[in-house]
Every structure is written in C-alpha cells, then in structure tokens.
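Data block for protein12.cif (mmCIF, C-alpha atoms):
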```cif
data_target
loop_
_atom_site.label_atom_id
_atom_site.label_comp_id
_atom_site.auth_asym_id
_atom_site.auth_seq_id
_atom_site.Cartn_x
_atom_site.Cartn_y
_atom_site.Cartn_z
CA ALA A 1 51.96 68.79 40.42
CA LEU A 2 52.66 72.46 39.83
CA PRO A 3 49.70 74.72 39.06
CA ILE A 4 49.68 75.64 35.39
CA SER A 5 47.08 78.38 35.49
CA GLY A 6 48.55 81.59 34.15
CA THR A 7 51.55 79.84 32.59
CA PRO A 8 52.22 78.89 28.97
CA VAL A 9 51.87 75.19 29.84
CA GLY A 10 48.05 75.15 29.94
CA PRO A 11 47.50 76.75 26.52
CA ALA A 12 50.37 74.74 25.04
CA TYR A 13 48.82 71.51 26.30
CA ASP A 14 45.43 72.54 24.92
CA ALA A 15 46.99 73.33 21.53
CA LEU A 16 48.75 69.96 21.46
CA ARG A 17 45.53 68.19 22.43
CA THR A 18 43.53 70.00 19.75
CA ALA A 19 46.08 69.19 17.05
CA ALA A 20 46.38 65.54 18.06
CA LEU A 21 42.67 64.90 18.43
CA ALA A 22 42.04 66.35 14.95
CA GLY A 23 43.34 63.00 13.71
CA ALA A 24 40.08 61.43 14.87
CA GLY A 25 38.55 62.92 11.71
CA LEU A 26 40.49 60.34 9.72
CA LEU A 27 38.47 57.56 11.36
CA ASP A 28 34.86 56.73 10.68
CA THR A 29 32.42 56.56 13.60
CA ASP A 30 32.80 52.80 14.06
CA ASP A 31 36.58 53.04 14.13
CA ARG A 32 36.54 55.93 16.64
CA THR A 33 34.25 53.84 18.84
CA LEU A 34 36.57 50.84 18.50
CA VAL A 35 39.61 52.89 19.48
CA ARG A 36 37.81 54.40 22.48
CA GLU A 37 36.47 51.01 23.66
CA THR A 38 39.86 49.36 23.23
CA LEU A 39 41.53 52.05 25.32
CA TRP A 40 38.91 51.84 28.07
CA ALA A 41 39.34 48.04 28.21
CA TRP A 42 43.15 48.40 28.37
CA ASP A 43 44.66 47.36 31.69
CA GLY A 44 47.96 49.17 31.13
CA SER A 45 49.91 46.08 30.15
CA HIS A 46 51.92 45.57 26.98
CA PRO A 47 49.99 43.80 24.23
CA PRO A 48 50.89 40.16 23.67
CA VAL A 49 53.22 39.17 20.84
CA VAL A 50 50.27 37.97 18.79
CA LEU A 51 47.92 40.94 18.50
CA ARG A 52 44.62 39.15 19.00
CA GLY A 53 41.70 41.50 19.28
CA PHE A 54 43.46 44.33 17.48
CA PRO A 55 41.76 45.71 14.38
CA ASN A 56 42.62 43.89 11.18
CA ARG A 57 45.04 45.90 9.02
CA ARG A 58 43.17 45.07 5.79
CA GLU A 59 39.67 45.76 7.09
CA ARG A 60 40.34 48.64 9.51
CA PRO A 61 43.81 50.05 8.83
CA ALA A 62 43.14 53.47 10.41
CA ALA A 63 41.76 51.96 13.62
CA ARG A 64 44.67 49.54 13.77
CA LEU A 65 47.23 52.36 13.49
CA ALA A 66 45.45 54.46 16.11
CA VAL A 67 45.25 51.55 18.57
CA LEU A 68 48.87 50.58 17.96
CA ALA A 69 49.98 54.19 18.41
CA ALA A 70 48.09 54.25 21.71
CA LEU A 71 49.14 50.92 23.16
CA ALA A 72 52.25 49.72 21.35
CA PRO A 73 53.74 52.23 18.90
CA TYR A 74 56.88 50.11 18.66
CA ARG A 75 54.70 47.41 17.03
CA ILE A 76 53.63 49.53 14.03
CA THR A 77 54.96 47.84 10.91
CA GLU A 78 55.57 48.92 7.35
CA GLU A 79 52.63 46.69 6.40
CA ASP A 80 50.34 48.61 8.78
CA VAL A 81 51.39 51.93 7.24
CA ALA A 82 51.10 50.59 3.68
CA ALA A 83 47.59 49.26 4.33
CA TRP A 84 46.46 52.66 5.57
CA ARG A 85 48.06 54.62 2.71
CA ARG A 86 45.73 53.10 0.13
CA PRO A 87 44.47 54.68 -2.03
CA ARG A 88 46.08 58.14 -1.63
CA ARG A 89 46.89 59.01 1.93
CA GLY A 90 50.05 60.92 2.66
CA ASP A 91 52.46 61.58 5.48
CA ALA A 92 50.48 64.45 7.00
CA GLY A 93 47.45 62.21 7.53
CA LEU A 94 49.62 59.44 8.90
CA VAL A 95 51.15 61.81 11.45
CA ARG A 96 47.68 63.07 12.47
CA LEU A 97 46.39 59.52 12.87
CA ILE A 98 49.36 58.41 14.95
CA ALA A 99 49.14 61.58 17.06
CA TYR A 100 45.46 60.91 17.66
CA GLY A 101 46.15 57.38 18.91
CA ALA A 102 49.02 58.50 21.11
CA PHE A 103 47.06 61.35 22.65
CA ALA A 104 44.00 59.16 23.17
CA ALA A 105 46.25 56.97 25.32
CA VAL A 106 47.47 60.04 27.22
CA GLU A 107 43.88 61.01 27.96
CA ARG A 108 43.05 57.46 29.05
CA ILE A 109 45.99 57.40 31.46
CA GLU A 110 45.22 60.91 32.69
CA THR A 111 41.62 59.91 33.44
CA THR A 112 42.79 56.87 35.37
CA MET A 113 45.17 59.03 37.40
CA ARG A 114 42.40 61.52 38.24
CA VAL A 115 40.12 58.70 39.41
CA ARG A 116 42.84 57.26 41.64
CA ALA A 117 43.67 60.69 43.07
CA ALA A 118 40.00 61.32 43.85
CA ARG A 119 39.82 58.03 45.78
CA ALA A 120 42.89 58.87 47.88
#
```

Go ahead and render the structure in this file as structure tokens.
Amino acid sequence: ALPISGTPVGPAYDALRTAALAGAGLLDTDDRTLVRETLWAWDGSHPPVVLRGFPNRRERPAARLAVLAALAPYRITEEDVAAWRRPRRGDAGLVRLIAYGAFAAVERIETTMRVRAARA
C-alpha cells in the first residue's frame, strides 16, 4: 500500500468515514449493537437466499437496511425501503443509513486485514 500521509487521500477518507458513520444516528442503541454484532459474526460469505437471522423489516427496519447494505446491498428490496420510510423518513436519511451500513462493512473488512497483516 502507498503511504497516504501528506496526501489528499487521508483527509478524504476521513471525511467519507465521518459522513457515512453519521448514519448511525438513525439507529437506536439496540439496533447499532445488532449491526455491529452481525458484522463481527460475519465470515465474509454471501448471505443465504432465505435471510434467517437478519433483522425483521417490520420490527427493525433501520437495522435491517444497515445490515443488508453491509452484507448484501443487492438484496435490499422496495419493501425494506418502504418499511423504513414510515412515518416520514426521506431520501437523505435513507442514503445516510445505507452509507452507514456500507462503511461499517468496510471497517469490518479493514480490521480483519490489519489483524491478518499483523500475524504475517
């Protein structure tokens, strides 16, 4: 990897991280914990066709969207988005929530890579 100190990459990455992780504010404490625990339990594989163990869209729509964004964004459905939009949530919040889930996955993968590199 190229050193990023003194280049625009480091601050740009930090700005992206800050913006994405702001989406965590759309989750309550229990949902943030669920997202974090789900990501730490993730083995890197694609989720099965039947999403057992994923948050229920009716009971925890924000957590479900964040976990799907992290592990299987291609599996987000119109029903998932509609469940989260109730009562009055707009596109800006949806983007923040999806960005949070996606970046949480980036951080999970990055942590795994650092651990492996330290062992080598």

Next item on the list: Would you mind telling me which residue in A:Glu107, A:Asp14, A:Asp31, A:Glu78 lies nearest to Ala66 (chain A) when using all atoms listed in the file?
Entry: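 For Ala66 (chain A), the nearest of the given residues is A:Asp31.
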
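Atom pair CA of Asp80 (chain A) / CA of Thr33 (chain A): separated by 19.7 Å.
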
Check: Any idea what the distance is between CA of Arg85 (chain A) and CA of Ala62 (chain A)?
Finding: 9.2 Å

Could the residues of region 24-46 of chain A that have an atom at most 9 Å from region 86-100 of chain A be listed as JSON lines, each with its closest atom pair and the distance in Å to one decimal, counting only C-alpha atoms and ordered by chain and ascending residue number?
```
{"residue": "A:Ala24", "atom": "CA", "partner": "A:Tyr100", "partner_atom": "CA", "distance": 6.1}
{"residue": "A:Gly25", "atom": "CA", "partner": "A:Leu97", "partner_atom": "CA", "distance": 8.6}
{"residue": "A:Leu26", "atom": "CA", "partner": "A:Leu97", "partner_atom": "CA", "distance": 6.7}
{"residue": "A:Leu27", "atom": "CA", "partner": "A:Leu97", "partner_atom": "CA", "distance": 8.3}
```

Item checked: Selected residue, from A:Tyr13, A:Trp84, A:Tyr74, A:Phe54, that lies nearest to Phe103 (chain A) when counting all atoms listed in the file ->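 With all atoms listed in the file as the atom set, the closest residue is A:Tyr13.
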
Margin query: Here's the selection I'm unsure about, the PyMOL selection byres ((chain A and resi 43) around 12); applied to the file above, which residues does it give, as a ChimeraX atom specification?
Written below: /A:38-42,44-47,71,105,108-109,112

Margin query: One decimal, in Å: what's the spacing between CA of Gly101 (chain A) and CA of Pro11 (chain A)?
Written below: 20.9 Å

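Shortest atom-to-atom contact with Leu65 (chain A) among A:Leu34, A:Val81, A:Leu16, A:Val106: A:Val81, counting only C-alpha atoms.
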
Checklist line | Shortest interatomic distance to Glu59 (chain A) - which of A:Ala83, A:Gly10, A:Gly23, A:Ala104, counting only C-alpha atoms | finding: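 Checking each of A:Ala83, A:Gly10, A:Gly23, A:Ala104 against Glu59 (chain A), counting only C-alpha atoms, the winner is A:Ala83.
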
Check: Which is closest to Leu21 (chain A) among A:Thr111, A:Ala102, A:Val67, A:Pro55, if we use only C-alpha atoms?
Finding: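 Nearest candidate to Leu21 (chain A) out of A:Thr111, A:Ala102, A:Val67, A:Pro55: A:Ala102.
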
Taking the block just given, write region 14-38 of chain A to a file that holds N, CA, C and O atoms, as a PDB file, in the first residue's frame.
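File part.pdb, as written:
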```pdb
ATOM      1  N   ASP A  14     -11.070  10.200   5.712  1.00  0.00           N
ATOM      2  CA  ASP A  14     -11.653  10.591   6.995  1.00  0.00           C
ATOM      3  C   ASP A  14     -12.991  11.311   6.818  1.00  0.00           C
ATOM      4  O   ASP A  14     -13.924  11.094   7.586  1.00  0.00           O
ATOM      5  N   ALA A  15     -13.082  12.174   5.806  1.00  0.00           N
ATOM      6  CA  ALA A  15     -14.337  12.884   5.541  1.00  0.00           C
ATOM      7  C   ALA A  15     -15.428  11.905   5.117  1.00  0.00           C
ATOM      8  O   ALA A  15     -16.583  12.009   5.579  1.00  0.00           O
ATOM      9  N   LEU A  16     -15.079  10.958   4.266  1.00  0.00           N
ATOM     10  CA  LEU A  16     -16.042   9.948   3.841  1.00  0.00           C
ATOM     11  C   LEU A  16     -16.510   9.125   5.034  1.00  0.00           C
ATOM     12  O   LEU A  16     -17.701   8.884   5.222  1.00  0.00           O
ATOM     13  N   ARG A  17     -15.579   8.717   5.850  1.00  0.00           N
ATOM     14  CA  ARG A  17     -15.899   7.927   7.052  1.00  0.00           C
ATOM     15  C   ARG A  17     -16.827   8.700   7.979  1.00  0.00           C
ATOM     16  O   ARG A  17     -17.829   8.172   8.447  1.00  0.00           O
ATOM     17  N   THR A  18     -16.513   9.949   8.234  1.00  0.00           N
ATOM     18  CA  THR A  18     -17.334  10.774   9.120  1.00  0.00           C
ATOM     19  C   THR A  18     -18.754  10.912   8.572  1.00  0.00           C
ATOM     20  O   THR A  18     -19.733  10.767   9.311  1.00  0.00           O
ATOM     21  N   ALA A  19     -18.866  11.181   7.293  1.00  0.00           N
ATOM     22  CA  ALA A  19     -20.190  11.338   6.677  1.00  0.00           C
ATOM     23  C   ALA A  19     -20.982  10.032   6.733  1.00  0.00           C
ATOM     24  O   ALA A  19     -22.167  10.021   7.078  1.00  0.00           O
ATOM     25  N   ALA A  20     -20.338   8.935   6.415  1.00  0.00           N
ATOM     26  CA  ALA A  20     -21.034   7.646   6.395  1.00  0.00           C
ATOM     27  C   ALA A  20     -21.446   7.214   7.794  1.00  0.00           C
ATOM     28  O   ALA A  20     -22.574   6.755   8.005  1.00  0.00           O
ATOM     29  N   LEU A  21     -20.555   7.369   8.752  1.00  0.00           N
ATOM     30  CA  LEU A  21     -20.865   6.899  10.103  1.00  0.00           C
ATOM     31  C   LEU A  21     -21.887   7.779  10.807  1.00  0.00           C
ATOM     32  O   LEU A  21     -22.465   7.362  11.815  1.00  0.00           O
ATOM     33  N   ALA A  22     -22.164   8.964  10.276  1.00  0.00           N
ATOM     34  CA  ALA A  22     -23.224   9.807  10.833  1.00  0.00           C
ATOM     35  C   ALA A  22     -24.580   9.111  10.724  1.00  0.00           C
ATOM     36  O   ALA A  22     -25.483   9.372  11.513  1.00  0.00           O
ATOM     37  N   GLY A  23     -24.708   8.202   9.781  1.00  0.00           N
ATOM     38  CA  GLY A  23     -25.947   7.446   9.623  1.00  0.00           C
ATOM     39  C   GLY A  23     -26.270   6.578  10.826  1.00  0.00           C
ATOM     40  O   GLY A  23     -27.421   6.176  11.021  1.00  0.00           O
ATOM     41  N   ALA A  24     -25.285   6.292  11.659  1.00  0.00           N
ATOM     42  CA  ALA A  24     -25.538   5.508  12.872  1.00  0.00           C
ATOM     43  C   ALA A  24     -26.536   6.209  13.777  1.00  0.00           C
ATOM     44  O   ALA A  24     -27.265   5.567  14.532  1.00  0.00           O
ATOM     45  N   GLY A  25     -26.611   7.530  13.683  1.00  0.00           N
ATOM     46  CA  GLY A  25     -27.562   8.298  14.480  1.00  0.00           C
ATOM     47  C   GLY A  25     -29.014   8.003  14.145  1.00  0.00           C
ATOM     48  O   GLY A  25     -29.913   8.363  14.906  1.00  0.00           O
ATOM     49  N   LEU A  26     -29.247   7.340  13.027  1.00  0.00           N
ATOM     50  CA  LEU A  26     -30.611   6.964  12.651  1.00  0.00           C
ATOM     51  C   LEU A  26     -31.041   5.655  13.299  1.00  0.00           C
ATOM     52  O   LEU A  26     -32.189   5.246  13.167  1.00  0.00           O
ATOM     53  N   LEU A  27     -30.113   5.004  13.978  1.00  0.00           N
ATOM     54  CA  LEU A  27     -30.391   3.734  14.656  1.00  0.00           C
ATOM     55  C   LEU A  27     -30.432   3.974  16.164  1.00  0.00           C
ATOM     56  O   LEU A  27     -29.660   4.777  16.687  1.00  0.00           O
ATOM     57  N   ASP A  28     -31.294   3.238  16.844  1.00  0.00           N
ATOM     58  CA  ASP A  28     -31.248   3.314  18.306  1.00  0.00           C
ATOM     59  C   ASP A  28     -30.086   2.449  18.795  1.00  0.00           C
ATOM     60  O   ASP A  28     -29.429   1.746  18.013  1.00  0.00           O
ATOM     61  N   THR A  29     -29.813   2.504  20.080  1.00  0.00           N
ATOM     62  CA  THR A  29     -28.659   1.790  20.645  1.00  0.00           C
ATOM     63  C   THR A  29     -28.726   0.295  20.370  1.00  0.00           C
ATOM     64  O   THR A  29     -27.726  -0.319  19.998  1.00  0.00           O
ATOM     65  N   ASP A  30     -29.903  -0.308  20.544  1.00  0.00           N
ATOM     66  CA  ASP A  30     -30.040  -1.749  20.303  1.00  0.00           C
ATOM     67  C   ASP A  30     -29.763  -2.104  18.846  1.00  0.00           C
ATOM     68  O   ASP A  30     -29.132  -3.122  18.563  1.00  0.00           O
ATOM     69  N   ASP A  31     -30.239  -1.274  17.935  1.00  0.00           N
ATOM     70  CA  ASP A  31     -30.006  -1.554  16.522  1.00  0.00           C
ATOM     71  C   ASP A  31     -28.536  -1.366  16.144  1.00  0.00           C
ATOM     72  O   ASP A  31     -27.993  -2.142  15.360  1.00  0.00           O
ATOM     73  N   ARG A  32     -27.870  -0.355  16.694  1.00  0.00           N
ATOM     74  CA  ARG A  32     -26.434  -0.188  16.435  1.00  0.00           C
ATOM     75  C   ARG A  32     -25.657  -1.399  16.937  1.00  0.00           C
ATOM     76  O   ARG A  32     -24.755  -1.903  16.267  1.00  0.00           O
ATOM     77  N   THR A  33     -26.044  -1.886  18.123  1.00  0.00           N
ATOM     78  CA  THR A  33     -25.386  -3.077  18.674  1.00  0.00           C
ATOM     79  C   THR A  33     -25.626  -4.275  17.772  1.00  0.00           C
ATOM     80  O   THR A  33     -24.711  -5.047  17.488  1.00  0.00           O
ATOM     81  N   LEU A  34     -26.860  -4.440  17.303  1.00  0.00           N
ATOM     82  CA  LEU A  34     -27.184  -5.562  16.421  1.00  0.00           C
ATOM     83  C   LEU A  34     -26.362  -5.508  15.136  1.00  0.00           C
ATOM     84  O   LEU A  34     -25.814  -6.521  14.701  1.00  0.00           O
ATOM     85  N   VAL A  35     -26.260  -4.341  14.543  1.00  0.00           N
ATOM     86  CA  VAL A  35     -25.474  -4.200  13.310  1.00  0.00           C
ATOM     87  C   VAL A  35     -24.015  -4.564  13.578  1.00  0.00           C
ATOM     88  O   VAL A  35     -23.410  -5.353  12.850  1.00  0.00           O
ATOM     89  N   ARG A  36     -23.451  -4.013  14.635  1.00  0.00           N
ATOM     90  CA  ARG A  36     -22.054  -4.288  14.982  1.00  0.00           C
ATOM     91  C   ARG A  36     -21.826  -5.782  15.238  1.00  0.00           C
ATOM     92  O   ARG A  36     -20.888  -6.383  14.718  1.00  0.00           O
ATOM     93  N   GLU A  37     -22.704  -6.408  16.028  1.00  0.00           N
ATOM     94  CA  GLU A  37     -22.551  -7.835  16.339  1.00  0.00           C
ATOM     95  C   GLU A  37     -22.711  -8.697  15.094  1.00  0.00           C
ATOM     96  O   GLU A  37     -21.997  -9.686  14.921  1.00  0.00           O
ATOM     97  N   THR A  38     -23.637  -8.329  14.230  1.00  0.00           N
ATOM     98  CA  THR A  38     -23.840  -9.084  12.992  1.00  0.00           C
ATOM     99  C   THR A  38     -22.593  -9.014  12.119  1.00  0.00           C
ATOM    100  O   THR A  38     -22.154 -10.027  11.562  1.00  0.00           O
TER     101      THR A  38
END
```
